[in-house]
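Here the structure comes first, spelled out in structure tokens, and everything after it is commentary.
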Number of protein chains: 2
Amino acid sequence: MNEQKKDQPASKGRKAINPAVARHRLRNKSRGLSAADYVKGILEGDRILLSQAITLVESTRSEHQQLAQTIIEQCLPHRKPSVRIGITGSPGVGKSTFIEALGQLLINRGHQLAVLAIDPSSQVSKGSILGDKTRMTSLSTAQQAFIRPSPAGRSLGGVAQKTRATILLCEAAGFDTLLIETVGVGQSETIVHSMVDLFLLLLLPGAGDELQGIKRGIVEMADIVAINKADGDRLSLAKRTKREYRNALHLFPPKESQWTPQVVLCSALENKGITNIWDLVDQYVEKGRGSGYFQERRRRQAHYWLYEEINEGLKTLFFEQESIKNRLPEIEKAVLEGQLSATQAAQMLLEMFVSGRPKD
Amino acid sequence: MNEQKKDQPASKGRKAINPAVARHRLRNKSRGLSAADYVKGILEGDRILLSQAITLVESTRSEHQQLAQTIIEQCLPHRKPSVRIGITGSPGVGKSTFIEALGQLLINRGHQLAVLAIDPSSQVSKGSILGDKTRMTSLSTAQQAFIRPSPAGRSLGGVAQKTRATILLCEAAGFDTLLIETVGVGQSETIVHSMVDLFLLLLLPGAGDELQGIKRGIVEMADIVAINKADGDRLSLAKRTKREYRNALHLFPPKESQWTPQVVLCSALENKGITNIWDLVDQYVEKGRGSGYFQERRRRQAHYWLYEEINEGLKTLFFEQESIKNRLPEIEKAVLEGQLSATQAAQMLLEMFVSGRPKD
């Protein structure tokens, strides 16, 4: 494995680098590319500059962050209309094989495909569910596909912010279809749900969702439930699972999208049922765009993220202020021991925050 | 119904007012009671002063709020050890009758009982699920019981803060058992759960929790599930419901309290099964106090509320600052229309907030 220097653009593999790229990289090292250079490259579909811009997004250095923000703002007006699809399912459900099969279909139909990931475990391991490119061998070499592993981050909120920025950059680079993969076991699905147009849940034949480690709320979020590995001996079990989920989904209140969640069978391995799933996605998008729900959902997501980011930013301002850092431990202790009410303690701290210095 | 002036202490009913009370009220009107006066009265178990202090807690006037905070802080060290019980269930499950029956048992056993309520609907209607005192005729006239309707508030967070302050005041006034009632249909259960020692869910015989309008998360929170109205023709149905819930609860992971949630039958109307429920509460409390879980849970709740109040306070500071108020609408519009990213917009606004003036 190549050792990579921190905050350096990701390795571009073993291919020979063309002269233009070499110049870019040289300038980047010597005096840095300007935001305009990046924007121009991204809008022209330059994968390497797109990759480097995403690396800037993921960097913790403030000059990288500033440059990334400028690039994003300049890219915003040039984004292609896109469909953002969240794909979730437990480990072992066959997500990689599914994405390979679906991705191949999309490429054959002329789509430009970006595959991103949100992986809560990457916060700890700095690893990534998409880090191992051997998982998607055909897609990772396809010219029409762009695969980017999950960014590491100190918080799921931070990872989400970076993923949203990456979505915007990919759309500016001409990708019209985005698959955002996550593991269906934690909070990350809610976050992915709030940045996609359609949410697809992969399940295994047989086991109930609780046994599959899928939280109930995730089933409720799904627009399409696909029972994967519906092949060979598992076919009849898969059919029964399909019936069960179809019945269960009918118990939920109708969605605002007016879309009835669909339960379908597929076998990514045998490449069966994938076309049917994409037809459903097409129907969903057509219906949602026609009714205006699609646009409204994106507006609401933007609203949600604006207020989330304000909230996160306020907390950072507060908890990183010196006076708060100094006094919080003792005040928190007094609250935990019942000597001070939470309300009084919060008021004291907020006054310190406003005045910017410790209260005597 | 009596018209009550805003921010005035609640009506004390039609009973003749004794001279001491009349003096209190006069002083309150002419020059106001001091915090020390309130604290002394509360610690002596003076219901009227307790009631007035709660009214100060609920008042939106800042001088009332300040006085209330001082009273609470001075009361804190004098609180009695207490058991705080959350009681939830859909409308029609018989909560009032149940609380009447349980309350009567508690009074007979020498407990001092306070019944409070959190009612999300009161935010809109300014009404209250406990507003109609005729619902609890025997308790509302008992000397050992104190019934206080749900405070109205602009937000559930505000209502929660007022309810927690009321709990502290009641404990200082000598109430050792607190029942906090809520309707099992919304967010308010989560809030009640985070301020009680034990969570009791009332259900009807027969219907599944989804049909009863009970969200699944609420069942998971319950320490005791009581199937009420287990009488007459409904008894066998109630028994089946009990079995179903007992089986369902076994599927959940064990609770940190090491307490296995109990499912029991009762009929508040026929006063059956109530003693059994209280015995379970006693067991729960004894076990929890012995293991230290009880104390640990209260510490965690205090921690939770401290950070909740800081967060709410930060938002208030931010959204009420003039520069933010002035610029937020146009910036939000730009985000919703996709002209500005949520991240960039939040950064701009946070910079305005810090500098305290509109950015040019």
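Chain labels A, B, ... are given in the sequence in which chains occur in the structure tokens; within each chain residues are numbered consecutively from 1, and ligands are likewise numbered from 1 in the order shown.
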Determine, for each residue of chain A having at least one atom at most 9 Å from an atom of chain B, the closest pair of atoms and their separation in Å to one decimal, counting only C-alpha atoms; order by chain and ascending number, as JSON lines.
{"residue": "A:Gln69", "atom": "CA", "partner": "B:Gln344", "partner_atom": "CA", "distance": 6.8}
{"residue": "A:Thr70", "atom": "CA", "partner": "B:Gln344", "partner_atom": "CA", "distance": 8.9}
{"residue": "A:Ile72", "atom": "CA", "partner": "B:Ser341", "partner_atom": "CA", "distance": 7.8}
{"residue": "A:Glu73", "atom": "CA", "partner": "B:Leu340", "partner_atom": "CA", "distance": 6.5}
{"residue": "A:Leu76", "atom": "CA", "partner": "B:Gln339", "partner_atom": "CA", "distance": 6.5}
{"residue": "A:Pro77", "atom": "CA", "partner": "B:Gln339", "partner_atom": "CA", "distance": 6.6}
{"residue": "A:Gln161", "atom": "CA", "partner": "B:Thr343", "partner_atom": "CA", "distance": 7.5}
{"residue": "A:Ala165", "atom": "CA", "partner": "B:Ser341", "partner_atom": "CA", "distance": 8.4}
{"residue": "A:Leu168", "atom": "CA", "partner": "B:Ser341", "partner_atom": "CA", "distance": 8.9}
{"residue": "A:Arg216", "atom": "CA", "partner": "B:Arg216", "partner_atom": "CA", "distance": 9.0}
{"residue": "A:Leu251", "atom": "CA", "partner": "B:Glu210", "partner_atom": "CA", "distance": 8.8}
{"residue": "A:Arg298", "atom": "CA", "partner": "B:Leu336", "partner_atom": "CA", "distance": 7.9}
{"residue": "A:Arg299", "atom": "CA", "partner": "B:Leu336", "partner_atom": "CA", "distance": 4.9}
{"residue": "A:Arg300", "atom": "CA", "partner": "B:Leu336", "partner_atom": "CA", "distance": 7.5}
{"residue": "A:Gln301", "atom": "CA", "partner": "B:Leu336", "partner_atom": "CA", "distance": 8.5}
{"residue": "A:Ala302", "atom": "CA", "partner": "B:Leu336", "partner_atom": "CA", "distance": 5.7}
{"residue": "A:His303", "atom": "CA", "partner": "B:Leu336", "partner_atom": "CA", "distance": 6.4}
{"residue": "A:Tyr304", "atom": "CA", "partner": "B:Ala342", "partner_atom": "CA", "distance": 8.8}
{"residue": "A:Trp305", "atom": "CA", "partner": "B:Ala342", "partner_atom": "CA", "distance": 6.0}
{"residue": "A:Leu306", "atom": "CA", "partner": "B:Ala342", "partner_atom": "CA", "distance": 4.5}
{"residue": "A:Tyr307", "atom": "CA", "partner": "B:Ala346", "partner_atom": "CA", "distance": 7.7}
{"residue": "A:Glu308", "atom": "CA", "partner": "B:Ala346", "partner_atom": "CA", "distance": 8.8}
{"residue": "A:Glu309", "atom": "CA", "partner": "B:Ala346", "partner_atom": "CA", "distance": 5.9}
{"residue": "A:Ile310", "atom": "CA", "partner": "B:Ala346", "partner_atom": "CA", "distance": 5.1}
{"residue": "A:Asn311", "atom": "CA", "partner": "B:Lys315", "partner_atom": "CA", "distance": 7.1}
{"residue": "A:Gly313", "atom": "CA", "partner": "B:Leu350", "partner_atom": "CA", "distance": 7.0}
{"residue": "A:Leu314", "atom": "CA", "partner": "B:Leu314", "partner_atom": "CA", "distance": 6.7}
{"residue": "A:Lys315", "atom": "CA", "partner": "B:Asn311", "partner_atom": "CA", "distance": 7.2}
{"residue": "A:Leu317", "atom": "CA", "partner": "B:Val354", "partner_atom": "CA", "distance": 8.9}
{"residue": "A:Phe318", "atom": "CA", "partner": "B:Leu314", "partner_atom": "CA", "distance": 8.1}
{"residue": "A:Glu332", "atom": "CA", "partner": "B:His303", "partner_atom": "CA", "distance": 7.3}
{"residue": "A:Val335", "atom": "CA", "partner": "B:Ala302", "partner_atom": "CA", "distance": 6.4}
{"residue": "A:Leu336", "atom": "CA", "partner": "B:Arg299", "partner_atom": "CA", "distance": 4.9}
{"residue": "A:Glu337", "atom": "CA", "partner": "B:Arg299", "partner_atom": "CA", "distance": 7.1}
{"residue": "A:Gly338", "atom": "CA", "partner": "B:Leu76", "partner_atom": "CA", "distance": 7.3}
{"residue": "A:Gln339", "atom": "CA", "partner": "B:Leu76", "partner_atom": "CA", "distance": 6.6}
{"residue": "A:Leu340", "atom": "CA", "partner": "B:Glu73", "partner_atom": "CA", "distance": 6.6}
{"residue": "A:Ser341", "atom": "CA", "partner": "B:Glu73", "partner_atom": "CA", "distance": 6.9}
{"residue": "A:Ala342", "atom": "CA", "partner": "B:Leu306", "partner_atom": "CA", "distance": 4.5}
{"residue": "A:Thr343", "atom": "CA", "partner": "B:Glu309", "partner_atom": "CA", "distance": 6.4}
{"residue": "A:Gln344", "atom": "CA", "partner": "B:Gln69", "partner_atom": "CA", "distance": 6.9}
{"residue": "A:Ala345", "atom": "CA", "partner": "B:Leu306", "partner_atom": "CA", "distance": 7.1}
{"residue": "A:Ala346", "atom": "CA", "partner": "B:Ile310", "partner_atom": "CA", "distance": 5.1}
{"residue": "A:Gln347", "atom": "CA", "partner": "B:Ile310", "partner_atom": "CA", "distance": 7.7}
{"residue": "A:Leu349", "atom": "CA", "partner": "B:Ile310", "partner_atom": "CA", "distance": 7.8}
{"residue": "A:Leu350", "atom": "CA", "partner": "B:Ile310", "partner_atom": "CA", "distance": 7.0}
{"residue": "A:Val354", "atom": "CA", "partner": "B:Leu317", "partner_atom": "CA", "distance": 8.9}
Output N, CA and C atoms for every residue in that selection, as a tab-separated table (two decimals), in the first residue's frame.
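Okay, selection.tsv is ready:
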chain	number	residue	atom	x	y	z
A	69	GLN	N	-14.38	25.92	-0.15
A	69	GLN	CA	-15.64	26.66	-0.12
A	69	GLN	C	-15.79	27.55	-1.35
A	70	THR	N	-14.71	28.20	-1.72
A	70	THR	CA	-14.75	29.07	-2.90
A	70	THR	C	-15.05	28.25	-4.15
A	72	ILE	N	-16.60	25.39	-4.32
A	72	ILE	CA	-17.99	24.91	-4.27
A	72	ILE	C	-18.96	26.01	-4.69
A	73	GLU	N	-18.76	27.21	-4.13
A	73	GLU	CA	-19.69	28.30	-4.45
A	73	GLU	C	-19.67	28.62	-5.94
A	76	LEU	N	-21.53	25.81	-7.86
A	76	LEU	CA	-22.98	25.68	-7.60
A	76	LEU	C	-23.88	25.97	-8.81
A	77	PRO	N	-23.68	27.10	-9.49
A	77	PRO	CA	-24.63	27.42	-10.57
A	77	PRO	C	-24.51	26.49	-11.78
A	161	GLN	N	-21.30	16.71	6.12
A	161	GLN	CA	-21.02	17.98	5.45
A	161	GLN	C	-20.08	17.76	4.28
A	165	ALA	N	-20.80	18.29	0.21
A	165	ALA	CA	-19.92	19.09	-0.64
A	165	ALA	C	-19.45	18.27	-1.84
A	168	LEU	N	-22.10	18.06	-4.50
A	168	LEU	CA	-22.18	19.28	-5.31
A	168	LEU	C	-21.07	19.32	-6.36
A	216	ARG	N	-36.02	-0.31	12.67
A	216	ARG	CA	-37.35	-0.15	12.11
A	216	ARG	C	-37.52	1.16	11.34
A	251	LEU	N	-48.82	-0.90	6.45
A	251	LEU	CA	-49.28	-0.42	7.76
A	251	LEU	C	-48.80	1.00	8.05
A	298	ARG	N	-35.82	18.66	-1.95
A	298	ARG	CA	-34.47	19.23	-1.95
A	298	ARG	C	-34.43	20.57	-1.20
A	299	ARG	N	-35.48	21.35	-1.37
A	299	ARG	CA	-35.54	22.62	-0.64
A	299	ARG	C	-35.55	22.37	0.87
A	300	ARG	N	-36.35	21.39	1.29
A	300	ARG	CA	-36.42	21.08	2.72
A	300	ARG	C	-35.10	20.56	3.25
A	301	GLN	N	-34.43	19.75	2.43
A	301	GLN	CA	-33.12	19.24	2.85
A	301	GLN	C	-32.14	20.39	3.02
A	302	ALA	N	-32.17	21.34	2.07
A	302	ALA	CA	-31.27	22.50	2.17
A	302	ALA	C	-31.58	23.27	3.46
A	303	HIS	N	-32.86	23.44	3.76
A	303	HIS	CA	-33.29	24.13	4.97
A	303	HIS	C	-32.77	23.40	6.20
A	304	TYR	N	-32.95	22.09	6.20
A	304	TYR	CA	-32.50	21.27	7.32
A	304	TYR	C	-31.00	21.43	7.54
A	305	TRP	N	-30.22	21.33	6.45
A	305	TRP	CA	-28.77	21.39	6.60
A	305	TRP	C	-28.29	22.77	7.01
A	306	LEU	N	-28.97	23.81	6.51
A	306	LEU	CA	-28.59	25.17	6.93
A	306	LEU	C	-28.68	25.28	8.45
A	307	TYR	N	-29.81	24.84	9.01
A	307	TYR	CA	-30.00	24.98	10.45
A	307	TYR	C	-29.13	24.02	11.25
A	308	GLU	N	-28.87	22.85	10.68
A	308	GLU	CA	-27.93	21.94	11.33
A	308	GLU	C	-26.54	22.55	11.41
A	309	GLU	N	-26.12	23.15	10.33
A	309	GLU	CA	-24.76	23.71	10.31
A	309	GLU	C	-24.65	24.93	11.22
A	310	ILE	N	-25.71	25.73	11.26
A	310	ILE	CA	-25.70	26.85	12.20
A	310	ILE	C	-25.55	26.32	13.62
A	311	ASN	N	-26.34	25.31	13.93
A	311	ASN	CA	-26.35	24.73	15.27
A	311	ASN	C	-24.97	24.15	15.64
A	313	GLY	N	-22.14	24.96	14.30
A	313	GLY	CA	-21.20	26.07	14.37
A	313	GLY	C	-21.30	26.81	15.69
A	314	LEU	N	-22.53	27.01	16.17
A	314	LEU	CA	-22.72	27.69	17.46
A	314	LEU	C	-22.08	26.89	18.58
A	315	LYS	N	-22.27	25.57	18.55
A	315	LYS	CA	-21.69	24.73	19.60
A	315	LYS	C	-20.17	24.82	19.58
A	317	LEU	N	-18.32	27.35	18.48
A	317	LEU	CA	-17.95	28.67	19.02
A	317	LEU	C	-17.98	28.64	20.55
A	318	PHE	N	-19.05	28.06	21.07
A	318	PHE	CA	-19.27	28.07	22.52
A	318	PHE	C	-18.22	27.21	23.23
A	332	GLU	N	-20.36	21.77	35.43
A	332	GLU	CA	-21.02	20.51	35.09
A	332	GLU	C	-21.07	19.59	36.32
A	335	VAL	N	-23.79	20.53	38.62
A	335	VAL	CA	-25.11	20.12	38.10
A	335	VAL	C	-25.32	18.63	38.35
A	336	LEU	N	-24.30	17.83	38.06
A	336	LEU	CA	-24.45	16.38	38.22
A	336	LEU	C	-24.67	16.01	39.69
A	337	GLU	N	-24.10	16.81	40.57
A	337	GLU	CA	-24.26	16.50	41.99
A	337	GLU	C	-25.51	17.15	42.60
A	338	GLY	N	-26.30	17.82	41.75
A	338	GLY	CA	-27.56	18.38	42.23
A	338	GLY	C	-27.41	19.67	43.02
A	339	GLN	N	-26.23	20.30	42.94
A	339	GLN	CA	-26.03	21.56	43.68
A	339	GLN	C	-26.47	22.77	42.87
A	340	LEU	N	-26.62	22.55	41.59
A	340	LEU	CA	-26.97	23.65	40.68
A	340	LEU	C	-27.96	23.07	39.68
A	341	SER	N	-28.99	23.84	39.35
A	341	SER	CA	-29.93	23.31	38.35
A	341	SER	C	-29.33	23.49	36.96
A	342	ALA	N	-29.73	22.64	36.04
A	342	ALA	CA	-29.25	22.72	34.66
A	342	ALA	C	-29.56	24.09	34.07
A	343	THR	N	-30.72	24.61	34.40
A	343	THR	CA	-31.15	25.91	33.87
A	343	THR	C	-30.22	27.02	34.34
A	344	GLN	N	-29.97	27.06	35.66
A	344	GLN	CA	-29.10	28.09	36.22
A	344	GLN	C	-27.69	27.97	35.65
A	345	ALA	N	-27.18	26.75	35.59
A	345	ALA	CA	-25.83	26.52	35.07
A	345	ALA	C	-25.72	26.99	33.63
A	346	ALA	N	-26.72	26.64	32.82
A	346	ALA	CA	-26.69	27.04	31.41
A	346	ALA	C	-26.70	28.56	31.30
A	347	GLN	N	-27.50	29.22	32.15
A	347	GLN	CA	-27.56	30.69	32.11
A	347	GLN	C	-26.22	31.31	32.46
A	349	LEU	N	-23.27	29.97	32.12
A	349	LEU	CA	-22.32	29.71	31.03
A	349	LEU	C	-22.61	30.60	29.82
A	350	LEU	N	-23.88	30.79	29.52
A	350	LEU	CA	-24.23	31.61	28.37
A	350	LEU	C	-23.83	33.07	28.61
A	354	VAL	N	-21.24	35.24	26.30
A	354	VAL	CA	-21.53	36.55	25.71
A	354	VAL	C	-20.48	37.56	26.13
Residues at most 10 Å from A:Asn271, counting only C-alpha atoms, excluding those fewer than 6 positions away in the same chain, as a PyMOL selection string? chain A and resi 97-98+100-102+105
Could you dump the residues just selected with N, CA and C atoms as a CSV table (one decimal), in the first residue's frame?
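Final output, result-v7.csv:
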chain,number,residue,atom,x,y,z
A,97,THR,N,-21.8,-5.8,-4.8
A,97,THR,CA,-22.2,-6.5,-6.1
A,97,THR,C,-23.4,-5.8,-6.7
A,98,PHE,N,-24.3,-5.4,-5.8
A,98,PHE,CA,-25.5,-4.7,-6.3
A,98,PHE,C,-25.2,-3.4,-7.0
A,100,GLU,N,-22.3,-2.6,-8.3
A,100,GLU,CA,-21.6,-3.0,-9.6
A,100,GLU,C,-22.6,-3.3,-10.7
A,101,ALA,N,-23.7,-4.1,-10.4
A,101,ALA,CA,-24.7,-4.4,-11.4
A,101,ALA,C,-25.5,-3.2,-11.8
A,102,LEU,N,-25.9,-2.5,-10.8
A,102,LEU,CA,-26.7,-1.3,-11.1
A,102,LEU,C,-25.9,-0.3,-11.9
A,105,LEU,N,-25.5,-1.1,-15.5
A,105,LEU,CA,-26.7,-0.8,-16.3
A,105,LEU,C,-26.8,0.7,-16.6
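Proximity ranking of A:Gly158, A:Pro81, A:Gly232, A:Gly32 relative to A:Ala53 places A:Gly32 first, based on only C-alpha atoms.
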List the neighbours of A:Glu58 out to 7 Å using only C-alpha atoms; skip same-chain residues closer than 3 positions along the sequence, and give me the result as a PDB file with N, CA, C and O atoms, in the first residue's frame.
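Writing done, so here's out06.pdb:
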ATOM      1  N   ILE A  54     -12.035  17.420  -3.895  1.00  0.00           N
ATOM      2  CA  ILE A  54     -12.671  16.667  -2.811  1.00  0.00           C
ATOM      3  C   ILE A  54     -11.678  16.481  -1.662  1.00  0.00           C
ATOM      4  O   ILE A  54     -12.043  16.573  -0.490  1.00  0.00           O
ATOM      5  N   THR A  55     -10.415  16.259  -2.016  1.00  0.00           N
ATOM      6  CA  THR A  55      -9.393  16.147  -0.977  1.00  0.00           C
ATOM      7  C   THR A  55      -9.286  17.453  -0.180  1.00  0.00           C
ATOM      8  O   THR A  55      -9.107  17.435   1.043  1.00  0.00           O
ATOM      9  N   PRO A 151     -15.390   9.824   3.537  1.00  0.00           N
ATOM     10  CA  PRO A 151     -14.409  10.663   4.216  1.00  0.00           C
ATOM     11  C   PRO A 151     -14.338  10.319   5.705  1.00  0.00           C
ATOM     12  O   PRO A 151     -15.356   9.994   6.318  1.00  0.00           O
ATOM     13  N   LYS A 162     -19.045  16.952   4.492  1.00  0.00           N
ATOM     14  CA  LYS A 162     -18.078  16.678   3.426  1.00  0.00           C
ATOM     15  C   LYS A 162     -18.730  15.892   2.286  1.00  0.00           C
ATOM     16  O   LYS A 162     -18.431  16.116   1.117  1.00  0.00           O
TER      17      LYS A 162
END
To one decimal place in Å, what is the distance between atom CA of A:Gln52 and atom CA of A:Gln104?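 If I compute the distance from atom CA of A:Gln52 to atom CA of A:Gln104, I get 25.4 Å.
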Gap from atom CA of B:Asp119 to atom CA of B:Gly273 - Å, one decimal: 26.6 Å
My list of candidates is A:Leu204, A:Gly157, A:Val219, A:Ser138. Which is closest to A:Arg240 when distances are computed with only C-alpha atoms?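 Checking each candidate against A:Arg240, we get A:Leu204 as the closest.
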Just give me the gap between atom CA of A:Lys229 and atom CA of A:Thr241 in Å, one decimal is fine. 11.8 Å
With a distance cut-off of 7 Å and only C-alpha atoms, select the neighbouring residues of stretch 188-192 of chain B, excluding the residue or stretch itself and same-chain residues fewer than 6 positions from it, and output the selection as a PyMOL selection string. chain B and resi 86+118+120+160+182
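Backbone DSSP over stretch 216-247 of chain B yields strand (DSSP E) at Ile224, Val225, Ala226 and Ile227 of chain B.
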Can you write out the residues you just picked, keeping N, CA and C atoms, as a JSON list (two decimals), in the first residue's frame?
[["chain", "number", "residue", "atom", "x", "y", "z"],
["B", 224, "ILE", "N", -42.59, -0.42, 33.08],
["B", 224, "ILE", "CA", -43.78, -1.21, 33.40],
["B", 224, "ILE", "C", -44.83, -0.91, 32.33],
["B", 225, "VAL", "N", -45.40, -1.97, 31.76],
["B", 225, "VAL", "CA", -46.53, -1.81, 30.83],
["B", 225, "VAL", "C", -47.77, -2.33, 31.56],
["B", 226, "ALA", "N", -48.76, -1.49, 31.73],
["B", 226, "ALA", "CA", -49.99, -1.93, 32.39],
["B", 226, "ALA", "C", -51.13, -1.93, 31.39],
["B", 227, "ILE", "N", -51.76, -3.10, 31.23],
["B", 227, "ILE", "CA", -52.95, -3.19, 30.36],
["B", 227, "ILE", "C", -54.13, -2.82, 31.25]]
Assign secondary structure with DSSP using the backbone only, and return the residues of stretch 177-341 of chain A in alpha helix (DSSP H) as number ranges by chain. A: 188-193, 216-221, 235-250, 274-291, 293-319, 322-336
Tell me, as a count of residues only, which residues lie within 9 Å of A:Ala222, counting only C-alpha atoms; anything in the same chain fewer than 4 positions away does not count. 8
Shell around A:Lys80 at 12 Å using only C-alpha atoms, local window under 5 positions removed, as a PyMOL selection string: chain A and resi 43+45+75+111-112+167-178
Write the residues of the selection above to a file with all heavy atoms, as a compact mmCIF listing (two decimals), in the first residue's frame.
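result-v3.txt, freshly written:
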# COMPACT_ATOMS: atom_id res chain seq x y z
N LEU A 43 -15.56 21.66 -14.18
CA LEU A 43 -16.64 21.84 -15.16
C LEU A 43 -16.30 21.14 -16.48
O LEU A 43 -17.20 20.75 -17.22
CB LEU A 43 -16.91 23.33 -15.39
CG LEU A 43 -17.39 24.11 -14.15
CD1 LEU A 43 -17.77 25.53 -14.53
CD2 LEU A 43 -18.58 23.41 -13.47
N GLY A 45 -14.91 18.33 -16.49
CA GLY A 45 -14.98 16.90 -16.20
C GLY A 45 -13.63 16.27 -15.88
O GLY A 45 -13.48 15.06 -15.98
N CYS A 75 -18.91 26.50 -8.27
CA CYS A 75 -19.45 25.35 -9.02
C CYS A 75 -20.98 25.30 -8.97
O CYS A 75 -21.63 24.79 -9.88
CB CYS A 75 -18.89 24.05 -8.46
SG CYS A 75 -17.22 23.68 -9.06
N HIS A 111 -25.54 7.02 -18.52
CA HIS A 111 -25.44 7.90 -17.35
C HIS A 111 -23.99 8.08 -16.93
O HIS A 111 -23.14 7.22 -17.17
CB HIS A 111 -26.22 7.31 -16.18
CG HIS A 111 -27.71 7.39 -16.37
ND1 HIS A 111 -28.39 8.57 -16.28
CD2 HIS A 111 -28.64 6.43 -16.66
CE1 HIS A 111 -29.69 8.35 -16.50
NE2 HIS A 111 -29.86 7.05 -16.74
N GLN A 112 -23.73 9.20 -16.30
CA GLN A 112 -22.46 9.46 -15.63
C GLN A 112 -22.69 9.21 -14.15
O GLN A 112 -23.54 9.85 -13.52
CB GLN A 112 -22.03 10.92 -15.85
CG GLN A 112 -21.80 11.28 -17.31
CD GLN A 112 -20.52 10.67 -17.85
OE1 GLN A 112 -19.49 10.70 -17.18
NE2 GLN A 112 -20.58 10.10 -19.06
N ILE A 167 -21.02 15.79 -3.22
CA ILE A 167 -22.16 15.67 -4.14
C ILE A 167 -22.22 16.87 -5.08
O ILE A 167 -22.34 16.73 -6.31
CB ILE A 167 -23.49 15.53 -3.35
CG1 ILE A 167 -23.56 14.17 -2.65
CG2 ILE A 167 -24.70 15.74 -4.26
CD1 ILE A 167 -24.77 14.00 -1.74
N LEU A 168 -22.10 18.06 -4.50
CA LEU A 168 -22.18 19.28 -5.31
C LEU A 168 -21.07 19.32 -6.36
O LEU A 168 -21.32 19.65 -7.53
CB LEU A 168 -22.10 20.52 -4.41
CG LEU A 168 -23.17 20.64 -3.32
CD1 LEU A 168 -22.96 21.91 -2.50
CD2 LEU A 168 -24.57 20.65 -3.93
N LEU A 169 -19.87 18.95 -5.94
CA LEU A 169 -18.74 18.97 -6.88
C LEU A 169 -18.94 17.94 -8.00
O LEU A 169 -18.67 18.23 -9.17
CB LEU A 169 -17.42 18.70 -6.14
CG LEU A 169 -16.95 19.80 -5.18
CD1 LEU A 169 -15.70 19.36 -4.43
CD2 LEU A 169 -16.71 21.12 -5.92
N CYS A 170 -19.42 16.77 -7.65
CA CYS A 170 -19.67 15.73 -8.67
C CYS A 170 -20.73 16.19 -9.66
O CYS A 170 -20.62 15.94 -10.87
CB CYS A 170 -20.10 14.42 -8.00
SG CYS A 170 -18.75 13.58 -7.15
N GLU A 171 -21.77 16.85 -9.15
CA GLU A 171 -22.82 17.34 -10.06
C GLU A 171 -22.27 18.39 -11.01
O GLU A 171 -22.63 18.44 -12.18
CB GLU A 171 -24.01 17.86 -9.24
CG GLU A 171 -24.80 16.71 -8.60
CD GLU A 171 -25.81 17.17 -7.57
OE1 GLU A 171 -25.85 18.37 -7.23
OE2 GLU A 171 -26.58 16.31 -7.10
N ALA A 172 -21.38 19.23 -10.47
CA ALA A 172 -20.76 20.25 -11.34
C ALA A 172 -19.88 19.58 -12.39
O ALA A 172 -19.76 20.08 -13.51
CB ALA A 172 -19.95 21.22 -10.50
N ALA A 173 -19.28 18.44 -12.03
CA ALA A 173 -18.39 17.74 -12.97
C ALA A 173 -19.18 16.91 -13.98
O ALA A 173 -18.59 16.20 -14.79
CB ALA A 173 -17.43 16.84 -12.20
N GLY A 174 -20.52 16.97 -13.92
CA GLY A 174 -21.34 16.34 -14.94
C GLY A 174 -21.93 15.00 -14.57
O GLY A 174 -22.57 14.35 -15.41
N PHE A 175 -21.75 14.56 -13.33
CA PHE A 175 -22.35 13.29 -12.94
C PHE A 175 -23.84 13.50 -12.69
O PHE A 175 -24.23 14.34 -11.90
CB PHE A 175 -21.64 12.72 -11.71
CG PHE A 175 -20.22 12.33 -12.02
CD1 PHE A 175 -19.17 13.18 -11.71
CD2 PHE A 175 -19.96 11.14 -12.68
CE1 PHE A 175 -17.86 12.84 -12.04
CE2 PHE A 175 -18.65 10.79 -13.02
CZ PHE A 175 -17.61 11.65 -12.69
N ASP A 176 -24.65 12.72 -13.38
CA ASP A 176 -26.11 12.92 -13.28
C ASP A 176 -26.76 11.92 -12.34
O ASP A 176 -27.92 12.07 -11.98
CB ASP A 176 -26.76 12.83 -14.67
CG ASP A 176 -26.49 11.50 -15.35
OD1 ASP A 176 -26.74 10.45 -14.74
OD2 ASP A 176 -25.99 11.53 -16.49
N THR A 177 -26.03 10.88 -11.95
CA THR A 177 -26.58 9.88 -11.05
C THR A 177 -25.60 9.63 -9.91
O THR A 177 -24.43 9.32 -10.17
CB THR A 177 -26.84 8.56 -11.81
OG1 THR A 177 -27.62 8.85 -12.98
CG2 THR A 177 -27.61 7.58 -10.93
N LEU A 178 -26.06 9.81 -8.68
CA LEU A 178 -25.19 9.63 -7.53
C LEU A 178 -25.73 8.55 -6.63
O LEU A 178 -26.90 8.59 -6.24
CB LEU A 178 -25.07 10.95 -6.75
CG LEU A 178 -24.38 12.07 -7.54
CD1 LEU A 178 -25.42 13.03 -8.08
CD2 LEU A 178 -23.36 12.78 -6.69
